[in-house]
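Input: a single structure, listed below in structure tokens.
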Amino acid sequence: MKIDISELKDYKAVLKIEDTEVHFLNSLRRIMISELPKLAIDNVIVYDNTSPLLDEIISHRIGLIPIPTDLRLLNFRQDCKCNDAGCPSCTVRYTLSKEEEGTVYSGDLQPEDKNLEIKKDKIPIVELSKDQRIILEVEAILGRGKDHAKWQAVHGAAYKFLPIVTIDTKKCDQCKACIDACPKNILEIKNNKVIVTDIEQCTACKSCVDICENDAIAVEYDPHKFIFHLETDTSLTAKDALVESAKILIGKYEELGKALKTIK
């Protein structure tokens with residue numbers, strides 16, 4: 001397998017992957033969506049709430065706020081040595097106390113550890129009017145996307161075949177119809193030839209093929225070359241999400257291999 005990194009940002013990655021199969025990439029995608037752990041708020045203790053929203057609605061909104069997660073330092077609560085008591089190794093706590101008029105944002109959640117400050121700090125929770133207040137405490141624990149959507153760290157994980165666009169220069173009369181029809185604007189004329197400027201942006205929609213009266217354009221794909229992209233909700237970096245998902249997938253394969261050896 002060959003992997004080239006086309007784009008790698010804090011919370012977004014685009015990879016070109018060759019010499020692999022669809023079923024492998026789909027397995028990796030499903031691991032990212034359902035098996036990759038992350039922190040999410042699972043317990044909310046409301047001490048005072050005179051805002052326009054009920055406690056349940058406030059709790060639901062807070063539960064969906066992405067919490068920074070370091071998988072190297074955290075355990076699942078049910079597997080922790082504290083026996084589900086909620087120690088710092090399995091539970092992260094935040095407090096929120098606001099009494100002034102205005103919008104309460106995700107950034108108003110104050111962590112016990114300053115390194116765990118909410119990165120997406122402008123997610124609105126509720127708007128307070130004069131003389132209204134909200135005071136609460138929350139606990140965040142590890143979970144997986146298959147348990148609840150709030151534990152899904154990766155969004156938009158998808159892959160596509162790498163398109164192959166072939167332009168027959170003998171048939172092409174440079175009428176520009178294909179250029180105008182391309183929804184991604186990736187065709188242009190250069191040195192008296194129609195060329196593709198960015199093949200990774202091509203969606204293989206074949207609009208160029210349909211409009212070409214001379215049959216000068218063909219759009220195909222290589223079944224062993226893919227473009228894979230993913231984005232996270234900021235709880236994990238794109239790199240960490242990719243690496244951890246690969247580790248989980250390897251563990252699944254090893255577990256399957258051991259199970260198969262027991263079959264007589």
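Residue numbering restarts at 1 for every chain of the structure tokens, chains are lettered A, B, ... in their displayed order, and ligands are numbered from 1 as they appear.
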
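Taking only C-alpha atoms, the non-local environment of Ser34 in chain A within 9 Å (same-chain residues fewer than 4 positions away omitted) comprises Arg29, Arg30, Arg144, Gly145, Lys146, Asp147, His148, Ala149, Trp151 and Gln152 of chain A.
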
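Contact shell of Ile186 in chain A at 12 Å (only C-alpha atoms; same-chain neighbours under 5 positions omitted): Val165, Cys178, Ile179, Asp180, Ala181, Val194, Ile195, Val196, Thr197, Asp198, Ile199, Glu200, Gln201, Cys202, Thr203, Ala204 and Cys208 of chain A.
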
Q | Nearest candidate to Leu116 in chain A (options A:Val44, A:Leu236, A:Cys172, A:Val243; using only C-alpha atoms) | A | A:Leu236

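Using only C-alpha atoms, the smallest distance between any of A:Glu244, A:Glu35, A:Asp233, A:Glu21 and Lys120 in chain A comes from A:Asp233.
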
Q: Please provide as a list in words all residues within 9 Å of Leu142 in chain A, with the sequence filter that same-chain residues fewer than 5 positions apart are discarded (counting only C-alpha atoms).
A: Pro37, Lys38, Leu39, Ala40, Ile41, Thr69, Leu71, Leu74, Asn75, Phe76, Arg77, Cys90, Thr91 and Trp151 of chain A

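Taking CA of Ile189 in chain A and CA of Ile164 in chain A as endpoints, the distance between them is 17.8 Å.
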
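Pairwise distance (CA of Ile33 in chain A, CA of Asp113 in chain A) equals 27.6 Å.
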
Q.
At a cut-off of 7 Å, using only C-alpha atoms, what residues contact Asp222 in chain A? Leave out same-chain residues fewer than 6 positions from it and give the result as an MDAnalysis selection string.
A. chainID A and resid 161:163

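All residues of protein, DNA or RNA that reach within 8 Å of range 245-261 of chain A, judged by only C-alpha atoms and not counting those fewer than 6 positions away in the chain, are Ser27, Leu28, Ile31, Met32, Glu35 and Leu36 of chain A.
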
Please, could you write that set of residues out with N, CA and C atoms as an mmCIF file, in the first residue's frame?
data_model
loop_
_atom_site.group_PDB
_atom_site.id
_atom_site.type_symbol
_atom_site.label_atom_id
_atom_site.label_comp_id
_atom_site.auth_asym_id
_atom_site.auth_seq_id
_atom_site.Cartn_x
_atom_site.Cartn_y
_atom_site.Cartn_z
ATOM 1 N N SER A 27 -13.673 -0.409 5.870
ATOM 2 C CA SER A 27 -13.472 -0.856 7.252
ATOM 3 C C SER A 27 -12.856 0.257 8.088
ATOM 4 N N LEU A 28 -11.858 0.943 7.524
ATOM 5 C CA LEU A 28 -11.216 2.048 8.236
ATOM 6 C C LEU A 28 -12.210 3.177 8.485
ATOM 7 N N ILE A 31 -14.565 2.200 11.296
ATOM 8 C CA ILE A 31 -13.878 2.276 12.590
ATOM 9 C C ILE A 31 -13.871 3.710 13.088
ATOM 10 N N MET A 32 -13.562 4.655 12.201
ATOM 11 C CA MET A 32 -13.528 6.072 12.580
ATOM 12 C C MET A 32 -14.883 6.548 13.091
ATOM 13 N N GLU A 35 -16.052 3.175 16.223
ATOM 14 C CA GLU A 35 -15.203 2.540 17.223
ATOM 15 C C GLU A 35 -14.169 3.470 17.860
ATOM 16 N N LEU A 36 -13.851 4.569 17.220
ATOM 17 C CA LEU A 36 -12.818 5.475 17.727
ATOM 18 C C LEU A 36 -13.294 6.173 19.001
#

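The space separating CA of Gln132 in chain A from CA of Thr50 in chain A comes to 5.3 Å.
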
So that I can check the surroundings of Ile5 in chain A, please list as a CSV table (one decimal) with C-alpha atoms, in the first residue's frame every protein, DNA and RNA residue that reaches within 7 Å of it, counting only C-alpha atoms and ignoring chain neighbours fewer than 4 positions away.
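result-v3.csv was written with the following content:
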chain,number,residue,atom,x,y,z
A,14,VAL,CA,-6.8,14.3,2.5
A,15,LEU,CA,-4.9,11.2,1.5
A,16,LYS,CA,-4.1,9.5,-1.8

**Q.** Near-Ile125 in chain A list (8 Å; only C-alpha atoms; drop same-chain fewer than 5 positions) as a PyMOL selection string
**A.** chain A and resi 58+61-62+103-106

Q: Please identify which residues in range 24-145 of chain A DSSP calls strand (DSSP E or B) from the backbone, and express them as a PyMOL selection string.
A: chain A and resi 37-49+92-98+102-105+110-111+124-128+134-144

Q: If you run DSSP over the backbone, which residues in range 39-207 of chain A end up alpha helix (DSSP H)? Put them as a ChimeraX atom specification.
A: /A:55-63,177-181,207

For the residues in the current selection, export C-alpha atoms as an mmCIF file, in the first residue's frame.
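Written output follows (out_24.cif):
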data_model
loop_
_atom_site.group_PDB
_atom_site.id
_atom_site.type_symbol
_atom_site.label_atom_id
_atom_site.label_comp_id
_atom_site.auth_asym_id
_atom_site.auth_seq_id
_atom_site.Cartn_x
_atom_site.Cartn_y
_atom_site.Cartn_z
ATOM 1 C CA ASP A 55 -32.384 21.463 32.340
ATOM 2 C CA GLU A 56 -32.803 18.601 29.859
ATOM 3 C CA ILE A 57 -32.322 20.864 26.830
ATOM 4 C CA ILE A 58 -29.257 22.506 28.383
ATOM 5 C CA SER A 59 -27.816 19.064 29.129
ATOM 6 C CA HIS A 60 -28.435 17.860 25.585
ATOM 7 C CA ARG A 61 -26.693 20.887 24.072
ATOM 8 C CA ILE A 62 -23.716 20.604 26.401
ATOM 9 C CA GLY A 63 -23.413 16.899 25.661
ATOM 10 C CA ALA A 177 -18.185 23.162 -24.062
ATOM 11 C CA CYS A 178 -16.623 20.737 -21.599
ATOM 12 C CA ILE A 179 -14.909 23.591 -19.761
ATOM 13 C CA ASP A 180 -18.218 25.401 -19.280
ATOM 14 C CA ALA A 181 -20.008 22.188 -18.263
ATOM 15 C CA SER A 207 -20.755 16.233 -17.492
#

Q: For each of A:Ala153, A:Tyr159, A:Leu128, A:Lys193, take the minimum atom-to-atom distance to Gln174 in chain A, counting only C-alpha atoms, then give the residue where this is smallest.
A: A:Lys193

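Among A:Asp121, A:Asp4, A:Glu137, A:Asp210, the residue with the shortest atom-to-atom distance to Asp48 in chain A, counting only C-alpha atoms, is A:Glu137.
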